[in-house]
Amino acid sequence: MTDETTVDAASLMPEVIKRLEDLVRIPSVAFPGFDPDPVHRMGDAVVELFTSAGAADARLLAVPDGYPCVYATIPGPEGSPTVLLYAHYDVQPAPESQGWSSEPFEPVTKDDGRIYGRGAADDKSGLVIHWATLKLLASSWPCTIKILVEGEEETISHLEGFVESNPELFDADAFVIADIGPQRVGRPGLTTALRGDVACTVTVRTLANPVHSGMFGGAAPDAMTAMVRILDTLHDENGDTVIPGVASGTWGGADMDEAVYRDGSSILPGVDFLGTGSLSDRIWMKPSVTVLGMDLPNTAEASNVLLPEVTAKLSMRVIPGSDAEAQLEALMGHLRAQRPWNCEVVVERVKVGNPFEVEESHPAIVAAKDALEQAYGADVESIGSGASIPLVASLKKVSPNAAIVLWGVEDTERSRIHASDESVDPAEIERMIVAQTLFVREFAASTGHTDEVPSDGDR
């Protein structure tokens, strides 16, 4: 069966690549302020994508206050399990300031064989993996398959509430999240833990209005200087995030490959890593707070004034097993307690994304590891991720006993998701198509339901 699936996947690859390139050309940035038309065009394109693969009822579902999601159900044999395949169709912006070496929304295959373009990896690769999986299963569906594709994963998502309000649509025995990847191409990785992501803003006020820095500087406090002192309390001299009440842990799975991490993170030669403990601990099982942005004049607009007010947006990754709400409260409480020179400090909540840990003994996880091993011909690494996928918590509320399979082709070393020159390896897409197809068949068989339902074309 593995050899047959491998041959079938290889035969699909020319169309897989064409479809991926067509999807990359749609600049589906769902951030506020961007043109919504490409996002809606992308939603329509995804409906066509899955309809063409055998999901006859693929359709857009309105998500209150957000972009629509794409949904479909393909019935399997009576009593068979249900597998839901998830991906997202929106992408990060690709501003010129990132320094792209090619047009971000014009896919190009370079000399290294990788396909470059915004969304090529994150997460339009997930869409074509799901499309090809359906194509390979379409002759006889081994189980019920649901499709869920989100339209605003990269911005403030409204899908979590929609899923929790409509549990009957999304109930499943296994959820496959094709929006992550291995450490390096050719090394199969199954993500078994996700850090959560909490965020807030902090505003510092010191003056009623801007004043001349020459006339008043030296006694009147500048809001930016106060902000710097507050932000400096978030890390110790080693670079570890040190906030009272914020949890740390120790990683017990596969080690993070330092060479892969250094290449993927683009750390400059001679610059040290932050923190203490193993590299795996630091990126998968320790908190990490980052200043995402700050409202203040840029250098071109700077003048000789003391700033009266500055606002910063902070994100903190929180470890698997922790209470994300409590971790955010700890961060916000710490910020409120920092008041250099008795400045005014206002802290406001932005979002909470919960961390997640996989139960590796679940039959679906066992089947997923076996499928990866067959597809890659190599041992599978259980790895973590510093990223977060907030929808996972909502899916677990809908189906508490379901497994969450976290995989994909966004390799740490080269894919550069969210950054310039994002790319994907087509060979990795092909391997994941094989793995995902084998997984669905094996998981369906492991439940004892082996009768397959023929596709409409075979009835």
# chains A, B, ... in the order shown; residues from 1 in each chain; ligands from 1
$ closest_atom_pairs --of "stretch 148-247 of chain A" --to "stretch 295-312 of chain A" --cutoff "8 Å" --atoms "only C-alpha atoms" --output "tab-separated table"
residue	atom	partner	partner_atom	distance
A:Thr201	CA	A:Ala312	CA	5.6
A:Val202	CA	A:Ala312	CA	5.4
A:Thr203	CA	A:Thr311	CA	4.2
A:Val204	CA	A:Val310	CA	5.4
A:Arg205	CA	A:Glu309	CA	4.4
A:Thr206	CA	A:Pro308	CA	5.3
A:Leu207	CA	A:Pro308	CA	4.4
A:Ala208	CA	A:Pro308	CA	6.2
A:Asn209	CA	A:Pro308	CA	5.4
A:Pro210	CA	A:Leu307	CA	5.4
A:Val211	CA	A:Val305	CA	5.3
A:His212	CA	A:Val305	CA	4.5
A:Ser213	CA	A:Val305	CA	4.6
A:Gly214	CA	A:Asn304	CA	7.3
A:Gly217	CA	A:Leu306	CA	7.0
A:Pro221	CA	A:Leu306	CA	7.6
A:Asp222	CA	A:Leu306	CA	5.1
A:Ala223	CA	A:Glu309	CA	5.3
A:Met224	CA	A:Val310	CA	6.1
A:Met227	CA	A:Val310	CA	7.2
$ write_last_selection --atoms "C-alpha atoms" --output "mmCIF file, in the first residue's frame"
data_model
loop_
_atom_site.group_PDB
_atom_site.id
_atom_site.type_symbol
_atom_site.label_atom_id
_atom_site.label_comp_id
_atom_site.auth_asym_id
_atom_site.auth_seq_id
_atom_site.Cartn_x
_atom_site.Cartn_y
_atom_site.Cartn_z
ATOM 1 C CA THR A 201 -0.474 46.607 25.571
ATOM 2 C CA VAL A 202 1.269 48.863 28.086
ATOM 3 C CA THR A 203 0.933 52.643 27.935
ATOM 4 C CA VAL A 204 3.276 54.953 29.846
ATOM 5 C CA ARG A 205 2.366 58.613 30.458
ATOM 6 C CA THR A 206 4.635 61.237 32.045
ATOM 7 C CA LEU A 207 3.627 64.628 30.615
ATOM 8 C CA ALA A 208 0.435 66.375 29.543
ATOM 9 C CA ASN A 209 1.995 67.256 26.166
ATOM 10 C CA PRO A 210 5.354 67.213 24.347
ATOM 11 C CA VAL A 211 7.899 69.743 25.631
ATOM 12 C CA HIS A 212 11.302 70.974 24.424
ATOM 13 C CA SER A 213 14.020 68.517 25.445
ATOM 14 C CA GLY A 214 16.610 71.279 25.852
ATOM 15 C CA GLY A 217 15.085 67.591 29.802
ATOM 16 C CA PRO A 221 10.642 62.514 32.692
ATOM 17 C CA ASP A 222 10.382 61.314 29.118
ATOM 18 C CA ALA A 223 7.790 58.552 28.520
ATOM 19 C CA MET A 224 10.122 56.594 26.237
ATOM 20 C CA MET A 227 9.123 52.599 28.954
#
$ residues_around --residues "A:Val29" --least-positions-apart "4" --cutoff "8 Å" --atoms "only C-alpha atoms" --output "list of chain:residue names"
A:Phe34, A:Asp35, A:Pro36, A:Pro38, A:Val39, A:Asp90, A:Val91, A:Gln92, A:Pro93
$ residues_around --residues "A:Ala324" --least-positions-apart "5" --cutoff "10 Å" --atoms "only C-alpha atoms" --output "list in words"
Arg195, Gly196, Asp197, Val198, Val246, Met316, Arg317, Val318, Ile319, Glu329, Ala330, Lys351, Val352, Gly353, Asn354 and Pro355 of chain A
$ select_by_dssp --residues "stretch 151-219 of chain A" --states "strand (DSSP E)" --output "PDB file with C-alpha atoms, in the first residue's frame"
ATOM      1  CA  ALA A 174      -8.950  13.216  15.079  1.00  0.00           C
ATOM      2  CA  PHE A 175      -8.045  16.716  13.966  1.00  0.00           C
ATOM      3  CA  VAL A 176      -5.191  17.084  11.488  1.00  0.00           C
ATOM      4  CA  ILE A 177      -3.605  20.536  11.642  1.00  0.00           C
ATOM      5  CA  ALA A 178      -1.379  20.961   8.579  1.00  0.00           C
ATOM      6  CA  GLY A 189       8.662  15.475  12.901  1.00  0.00           C
ATOM      7  CA  LEU A 190       5.397  15.268  14.831  1.00  0.00           C
ATOM      8  CA  THR A 191       4.708  18.247  17.061  1.00  0.00           C
ATOM      9  CA  THR A 192       3.579  17.100  20.493  1.00  0.00           C
ATOM     10  CA  ALA A 193       3.493  20.406  22.379  1.00  0.00           C
ATOM     11  CA  LEU A 194       2.647  24.019  21.554  1.00  0.00           C
ATOM     12  CA  GLY A 196       0.516  29.397  24.083  1.00  0.00           C
ATOM     13  CA  ASP A 197       0.537  33.075  23.163  1.00  0.00           C
ATOM     14  CA  VAL A 198      -0.822  35.860  25.352  1.00  0.00           C
ATOM     15  CA  ALA A 199      -0.647  39.544  24.516  1.00  0.00           C
ATOM     16  CA  CYS A 200      -1.278  42.939  26.066  1.00  0.00           C
ATOM     17  CA  THR A 201      -0.474  46.607  25.571  1.00  0.00           C
ATOM     18  CA  VAL A 202       1.269  48.863  28.086  1.00  0.00           C
ATOM     19  CA  THR A 203       0.933  52.643  27.935  1.00  0.00           C
ATOM     20  CA  VAL A 204       3.276  54.953  29.846  1.00  0.00           C
ATOM     21  CA  ARG A 205       2.366  58.613  30.458  1.00  0.00           C
ATOM     22  CA  VAL A 211       7.899  69.743  25.631  1.00  0.00           C
ATOM     23  CA  HIS A 212      11.302  70.974  24.424  1.00  0.00           C
TER      24      HIS A 212
END
$ closest_residue --among "A:Glu357, A:Glu48, A:Asp112, A:Glu258" --to "A:Tyr71" --atoms "only C-alpha atoms"
A:Glu48
$ closest_residue --among "A:Arg431, A:Lys397, A:His418, A:Arg25" --to "A:Glu164" --atoms "only C-alpha atoms"
A:Lys397
$ atom_distance --atom1 "atom CA of A:Arg441" --atom2 "atom CA of A:Leu23"
27.6 Å
$ select_by_dssp --residues "stretch 18-81 of chain A" --states "helix (DSSP H, G or I)" --output "PDB file with N, CA and C atoms, in the first residue's frame"
ATOM      1  N   LYS A  18       1.077  23.339  -9.534  1.00  0.00           N
ATOM      2  CA  LYS A  18       0.329  24.372 -10.253  1.00  0.00           C
ATOM      3  C   LYS A  18      -0.724  25.007  -9.360  1.00  0.00           C
ATOM      4  N   ARG A  19      -1.441  24.173  -8.631  1.00  0.00           N
ATOM      5  CA  ARG A  19      -2.485  24.706  -7.748  1.00  0.00           C
ATOM      6  C   ARG A  19      -1.876  25.547  -6.629  1.00  0.00           C
ATOM      7  N   LEU A  20      -0.749  25.113  -6.078  1.00  0.00           N
ATOM      8  CA  LEU A  20      -0.090  25.903  -5.044  1.00  0.00           C
ATOM      9  C   LEU A  20       0.322  27.264  -5.595  1.00  0.00           C
ATOM     10  N   GLU A  21       0.905  27.279  -6.772  1.00  0.00           N
ATOM     11  CA  GLU A  21       1.329  28.545  -7.364  1.00  0.00           C
ATOM     12  C   GLU A  21       0.146  29.465  -7.621  1.00  0.00           C
ATOM     13  N   ASP A  22      -0.968  28.916  -8.091  1.00  0.00           N
ATOM     14  CA  ASP A  22      -2.162  29.730  -8.317  1.00  0.00           C
ATOM     15  C   ASP A  22      -2.673  30.344  -7.011  1.00  0.00           C
ATOM     16  N   LEU A  23      -2.606  29.579  -5.932  1.00  0.00           N
ATOM     17  CA  LEU A  23      -3.071  30.087  -4.638  1.00  0.00           C
ATOM     18  C   LEU A  23      -2.138  31.171  -4.097  1.00  0.00           C
ATOM     19  N   VAL A  24      -0.828  30.995  -4.279  1.00  0.00           N
ATOM     20  CA  VAL A  24       0.132  31.984  -3.791  1.00  0.00           C
ATOM     21  C   VAL A  24      -0.083  33.334  -4.477  1.00  0.00           C
ATOM     22  N   ASP A  37     -10.954  42.152  -0.798  1.00  0.00           N
ATOM     23  CA  ASP A  37     -11.343  41.404  -1.999  1.00  0.00           C
ATOM     24  C   ASP A  37     -10.466  40.173  -2.240  1.00  0.00           C
ATOM     25  N   PRO A  38      -9.125  40.266  -2.143  1.00  0.00           N
ATOM     26  CA  PRO A  38      -8.322  39.044  -2.352  1.00  0.00           C
ATOM     27  C   PRO A  38      -8.632  37.949  -1.336  1.00  0.00           C
ATOM     28  N   VAL A  39      -8.997  38.339  -0.129  1.00  0.00           N
ATOM     29  CA  VAL A  39      -9.325  37.327   0.887  1.00  0.00           C
ATOM     30  C   VAL A  39     -10.585  36.578   0.479  1.00  0.00           C
ATOM     31  N   HIS A  40     -11.579  37.313  -0.004  1.00  0.00           N
ATOM     32  CA  HIS A  40     -12.807  36.660  -0.464  1.00  0.00           C
ATOM     33  C   HIS A  40     -12.555  35.819  -1.714  1.00  0.00           C
ATOM     34  N   ARG A  41     -11.696  36.307  -2.618  1.00  0.00           N
ATOM     35  CA  ARG A  41     -11.353  35.508  -3.800  1.00  0.00           C
ATOM     36  C   ARG A  41     -10.662  34.213  -3.395  1.00  0.00           C
ATOM     37  N   MET A  42      -9.839  34.312  -2.365  1.00  0.00           N
ATOM     38  CA  MET A  42      -9.142  33.129  -1.891  1.00  0.00           C
ATOM     39  C   MET A  42     -10.135  32.129  -1.306  1.00  0.00           C
ATOM     40  N   GLY A  43     -11.116  32.612  -0.557  1.00  0.00           N
ATOM     41  CA  GLY A  43     -12.138  31.716  -0.028  1.00  0.00           C
ATOM     42  C   GLY A  43     -12.844  30.963  -1.137  1.00  0.00           C
ATOM     43  N   ASP A  44     -13.209  31.675  -2.197  1.00  0.00           N
ATOM     44  CA  ASP A  44     -13.878  31.030  -3.341  1.00  0.00           C
ATOM     45  C   ASP A  44     -12.944  30.010  -4.004  1.00  0.00           C
ATOM     46  N   ALA A  45     -11.658  30.358  -4.101  1.00  0.00           N
ATOM     47  CA  ALA A  45     -10.693  29.436  -4.722  1.00  0.00           C
ATOM     48  C   ALA A  45     -10.550  28.153  -3.914  1.00  0.00           C
ATOM     49  N   VAL A  46     -10.626  28.269  -2.598  1.00  0.00           N
ATOM     50  CA  VAL A  46     -10.505  27.083  -1.748  1.00  0.00           C
ATOM     51  C   VAL A  46     -11.740  26.196  -1.887  1.00  0.00           C
ATOM     52  N   VAL A  47     -12.904  26.804  -2.013  1.00  0.00           N
ATOM     53  CA  VAL A  47     -14.115  26.009  -2.247  1.00  0.00           C
ATOM     54  C   VAL A  47     -13.957  25.207  -3.537  1.00  0.00           C
ATOM     55  N   GLU A  48     -13.494  25.872  -4.607  1.00  0.00           N
ATOM     56  CA  GLU A  48     -13.287  25.167  -5.874  1.00  0.00           C
ATOM     57  C   GLU A  48     -12.245  24.070  -5.725  1.00  0.00           C
ATOM     58  N   LEU A  49     -11.182  24.359  -4.961  1.00  0.00           N
ATOM     59  CA  LEU A  49     -10.103  23.389  -4.758  1.00  0.00           C
ATOM     60  C   LEU A  49     -10.655  22.081  -4.210  1.00  0.00           C
ATOM     61  N   PHE A  50     -11.440  22.160  -3.145  1.00  0.00           N
ATOM     62  CA  PHE A  50     -11.907  20.933  -2.497  1.00  0.00           C
ATOM     63  C   PHE A  50     -13.096  20.305  -3.210  1.00  0.00           C
ATOM     64  N   THR A  51     -13.876  21.111  -3.893  1.00  0.00           N
ATOM     65  CA  THR A  51     -14.930  20.531  -4.726  1.00  0.00           C
ATOM     66  C   THR A  51     -14.333  19.652  -5.811  1.00  0.00           C
TER      67      THR A  51
END
$ atom_distance --atom1 "atom CA of A:Val398" --atom2 "atom CA of A:Leu84"
12.2 Å
$ residues_around --residues "A:Ala62" --least-positions-apart "5" --cutoff "12 Å" --atoms "only C-alpha atoms" --output "list in words"
His40, Gly43, Tyr67, Pro68, Cys69, Val70, Tyr71, Glu150, Gly151, His158, Leu159, Phe162 and Val163 of chain A
$ write_last_selection --atoms "N, CA and C atoms" --output "mmCIF file, in the first residue's frame"
data_model
loop_
_atom_site.group_PDB
_atom_site.id
_atom_site.type_symbol
_atom_site.label_atom_id
_atom_site.label_comp_id
_atom_site.auth_asym_id
_atom_site.auth_seq_id
_atom_site.Cartn_x
_atom_site.Cartn_y
_atom_site.Cartn_z
ATOM 1 N N HIS A 40 -11.579 37.313 -0.004
ATOM 2 C CA HIS A 40 -12.807 36.660 -0.464
ATOM 3 C C HIS A 40 -12.555 35.819 -1.714
ATOM 4 N N GLY A 43 -11.116 32.612 -0.557
ATOM 5 C CA GLY A 43 -12.138 31.716 -0.028
ATOM 6 C C GLY A 43 -12.844 30.963 -1.137
ATOM 7 N N TYR A 67 -13.844 36.825 8.538
ATOM 8 C CA TYR A 67 -13.901 36.260 7.196
ATOM 9 C C TYR A 67 -14.488 34.847 7.258
ATOM 10 N N PRO A 68 -15.144 34.412 6.185
ATOM 11 C CA PRO A 68 -15.766 33.081 6.218
ATOM 12 C C PRO A 68 -14.738 31.959 6.254
ATOM 13 N N CYS A 69 -15.174 30.826 6.775
ATOM 14 C CA CYS A 69 -14.356 29.618 6.709
ATOM 15 C C CYS A 69 -14.915 28.721 5.612
ATOM 16 N N VAL A 70 -14.088 27.821 5.126
ATOM 17 C CA VAL A 70 -14.515 26.820 4.148
ATOM 18 C C VAL A 70 -14.773 25.525 4.906
ATOM 19 N N TYR A 71 -15.912 24.904 4.599
ATOM 20 C CA TYR A 71 -16.313 23.697 5.330
ATOM 21 C C TYR A 71 -16.857 22.664 4.349
ATOM 22 N N GLU A 150 -9.636 28.055 7.579
ATOM 23 C CA GLU A 150 -9.867 29.357 8.208
ATOM 24 C C GLU A 150 -9.395 30.498 7.323
ATOM 25 N N GLY A 151 -10.047 31.668 7.478
ATOM 26 C CA GLY A 151 -9.691 32.824 6.676
ATOM 27 C C GLY A 151 -9.012 33.948 7.427
ATOM 28 N N HIS A 158 -11.769 34.947 14.590
ATOM 29 C CA HIS A 158 -13.114 34.827 15.165
ATOM 30 C C HIS A 158 -13.629 33.391 15.075
ATOM 31 N N LEU A 159 -12.765 32.488 14.620
ATOM 32 C CA LEU A 159 -13.228 31.121 14.361
ATOM 33 C C LEU A 159 -13.445 30.320 15.638
ATOM 34 N N PHE A 162 -16.919 30.568 16.883
ATOM 35 C CA PHE A 162 -17.832 29.949 15.926
ATOM 36 C C PHE A 162 -17.813 28.432 16.055
ATOM 37 N N VAL A 163 -16.628 27.859 16.223
ATOM 38 C CA VAL A 163 -16.510 26.410 16.396
ATOM 39 C C VAL A 163 -17.213 25.969 17.682
#
$ closest_residue --among "A:His130, A:Lys124, A:Arg336, A:Lys396" --to "A:Val358" --atoms "only C-alpha atoms"
A:Lys396
$ residues_around --residues "A:Ala368" --least-positions-apart "4" --cutoff "12 Å" --atoms "only C-alpha atoms" --output "ChimeraX atom specification"
/A:174-177,188-192,360-364,372-375,380-382,403-408,432,434-444,446
$ write_last_selection --atoms "N, CA and C atoms" --output "short mmCIF file (atom, residue, chain, number, x, y, z; two decimals), in the first residue's frame"
data_model
loop_
_atom_site.label_atom_id
_atom_site.label_comp_id
_atom_site.auth_asym_id
_atom_site.auth_seq_id
_atom_site.Cartn_x
_atom_site.Cartn_y
_atom_site.Cartn_z
N ALA A 174 -10.32 12.74 15.24
CA ALA A 174 -8.95 13.22 15.08
C ALA A 174 -8.98 14.50 14.25
N PHE A 175 -8.20 15.46 14.70
CA PHE A 175 -8.05 16.72 13.97
C PHE A 175 -6.62 16.77 13.42
N VAL A 176 -6.51 16.99 12.12
CA VAL A 176 -5.19 17.08 11.49
C VAL A 176 -4.93 18.55 11.16
N ILE A 177 -3.95 19.13 11.83
CA ILE A 177 -3.61 20.54 11.64
C ILE A 177 -2.35 20.61 10.78
N PRO A 188 11.32 13.47 9.51
CA PRO A 188 9.92 13.53 9.92
C PRO A 188 9.77 13.99 11.37
N GLY A 189 8.90 14.96 11.56
CA GLY A 189 8.66 15.48 12.90
C GLY A 189 7.18 15.56 13.19
N LEU A 190 6.78 15.12 14.37
CA LEU A 190 5.40 15.27 14.83
C LEU A 190 5.43 16.18 16.04
N THR A 191 4.72 17.29 15.96
CA THR A 191 4.71 18.25 17.06
C THR A 191 3.79 17.74 18.17
N THR A 192 4.34 17.65 19.37
CA THR A 192 3.58 17.10 20.49
C THR A 192 3.31 18.13 21.58
N GLU A 360 0.32 11.12 23.49
CA GLU A 360 0.99 10.33 22.46
C GLU A 360 0.53 8.88 22.39
N SER A 361 -0.23 8.41 23.39
CA SER A 361 -0.73 7.04 23.33
C SER A 361 -2.05 6.92 22.57
N HIS A 362 -2.63 8.03 22.16
CA HIS A 362 -3.90 7.99 21.42
C HIS A 362 -3.69 7.23 20.11
N PRO A 363 -4.66 6.37 19.72
CA PRO A 363 -4.51 5.59 18.48
C PRO A 363 -4.20 6.44 17.25
N ALA A 364 -4.77 7.65 17.19
CA ALA A 364 -4.51 8.50 16.03
C ALA A 364 -3.06 8.98 16.01
N LEU A 372 4.15 8.60 9.17
CA LEU A 372 5.34 9.41 8.89
C LEU A 372 6.56 8.52 8.65
N GLU A 373 6.71 7.51 9.49
CA GLU A 373 7.87 6.63 9.35
C GLU A 373 7.86 5.91 8.01
N GLN A 374 6.67 5.47 7.58
CA GLN A 374 6.57 4.81 6.27
C GLN A 374 6.88 5.78 5.13
N ALA A 375 6.32 6.99 5.22
CA ALA A 375 6.48 7.95 4.13
C ALA A 375 7.91 8.44 3.99
N VAL A 380 10.74 8.93 13.60
CA VAL A 380 9.99 10.17 13.78
C VAL A 380 10.45 10.88 15.05
N GLU A 381 10.68 12.19 14.95
CA GLU A 381 11.04 13.00 16.11
C GLU A 381 9.79 13.61 16.73
N SER A 382 9.64 13.48 18.04
CA SER A 382 8.61 14.20 18.77
C SER A 382 9.20 15.56 19.14
N ALA A 403 -7.85 13.23 19.10
CA ALA A 403 -6.42 13.51 19.00
C ALA A 403 -6.20 14.73 18.11
N ILE A 404 -5.12 15.43 18.38
CA ILE A 404 -4.70 16.55 17.54
C ILE A 404 -3.38 16.17 16.88
N VAL A 405 -3.40 16.00 15.56
CA VAL A 405 -2.20 15.67 14.80
C VAL A 405 -1.64 16.97 14.22
N LEU A 406 -0.45 17.33 14.67
CA LEU A 406 0.17 18.60 14.27
C LEU A 406 1.38 18.30 13.39
N TRP A 407 1.25 18.63 12.09
CA TRP A 407 2.37 18.39 11.18
C TRP A 407 2.23 19.28 9.96
N GLY A 408 3.16 19.14 9.02
CA GLY A 408 3.12 19.95 7.81
C GLY A 408 4.52 20.05 7.22
N MET A 432 4.54 14.49 2.64
CA MET A 432 3.44 14.69 3.57
C MET A 432 2.10 14.25 2.97
N VAL A 434 1.80 11.62 1.07
CA VAL A 434 1.84 10.18 1.32
C VAL A 434 1.52 9.88 2.78
N ALA A 435 2.17 10.60 3.68
CA ALA A 435 1.98 10.35 5.12
C ALA A 435 0.53 10.58 5.53
N GLN A 436 -0.06 11.65 5.06
CA GLN A 436 -1.43 11.96 5.48
C GLN A 436 -2.43 10.96 4.93
N THR A 437 -2.22 10.53 3.70
CA THR A 437 -3.10 9.53 3.10
C THR A 437 -2.99 8.20 3.86
N LEU A 438 -1.76 7.79 4.15
CA LEU A 438 -1.56 6.56 4.92
C LEU A 438 -2.19 6.68 6.30
N PHE A 439 -2.05 7.85 6.92
CA PHE A 439 -2.61 8.05 8.25
C PHE A 439 -4.13 7.86 8.27
N VAL A 440 -4.83 8.48 7.33
CA VAL A 440 -6.29 8.38 7.31
C VAL A 440 -6.70 6.92 7.16
N ARG A 441 -6.05 6.21 6.24
CA ARG A 441 -6.40 4.80 6.03
C ARG A 441 -6.08 3.96 7.27
N GLU A 442 -4.92 4.19 7.86
CA GLU A 442 -4.51 3.38 9.01
C GLU A 442 -5.38 3.68 10.23
N PHE A 443 -5.70 4.94 10.47
CA PHE A 443 -6.54 5.28 11.62
C PHE A 443 -7.93 4.71 11.45
N ALA A 444 -8.48 4.78 10.24
CA ALA A 444 -9.79 4.19 10.00
C ALA A 444 -9.76 2.69 10.25
N SER A 446 -7.72 1.05 12.19
CA SER A 446 -7.42 0.73 13.59
C SER A 446 -8.65 0.74 14.47
#
$ decode --residues "stretch 225-245 of chain A" --atoms "C-alpha atoms" --output "short mmCIF file (atom, residue, chain, number, x, y, z; two decimals), in the first residue's frame"
data_model
loop_
_atom_site.label_atom_id
_atom_site.label_comp_id
_atom_site.auth_asym_id
_atom_site.auth_seq_id
_atom_site.Cartn_x
_atom_site.Cartn_y
_atom_site.Cartn_z
CA THR A 225 12.85 56.51 28.87
CA ALA A 226 10.32 55.26 31.44
CA MET A 227 9.12 52.60 28.95
CA VAL A 228 12.69 51.36 28.42
CA ARG A 229 13.14 50.94 32.17
CA ILE A 230 9.87 48.98 32.43
CA LEU A 231 10.69 46.68 29.52
CA ASP A 232 14.15 46.01 30.95
CA THR A 233 12.53 44.30 33.96
CA LEU A 234 11.13 41.51 31.77
CA HIS A 235 14.48 39.73 31.25
CA ASP A 236 17.49 38.97 33.43
CA GLU A 237 21.13 39.38 32.45
CA ASN A 238 21.05 35.99 30.67
CA GLY A 239 18.06 36.93 28.55
CA ASP A 240 15.64 34.62 30.38
CA THR A 241 12.10 35.94 30.78
CA VAL A 242 11.75 36.51 34.53
CA ILE A 243 8.26 37.50 35.66
CA PRO A 244 6.86 36.42 39.05
CA GLY A 245 4.14 33.78 38.57
#
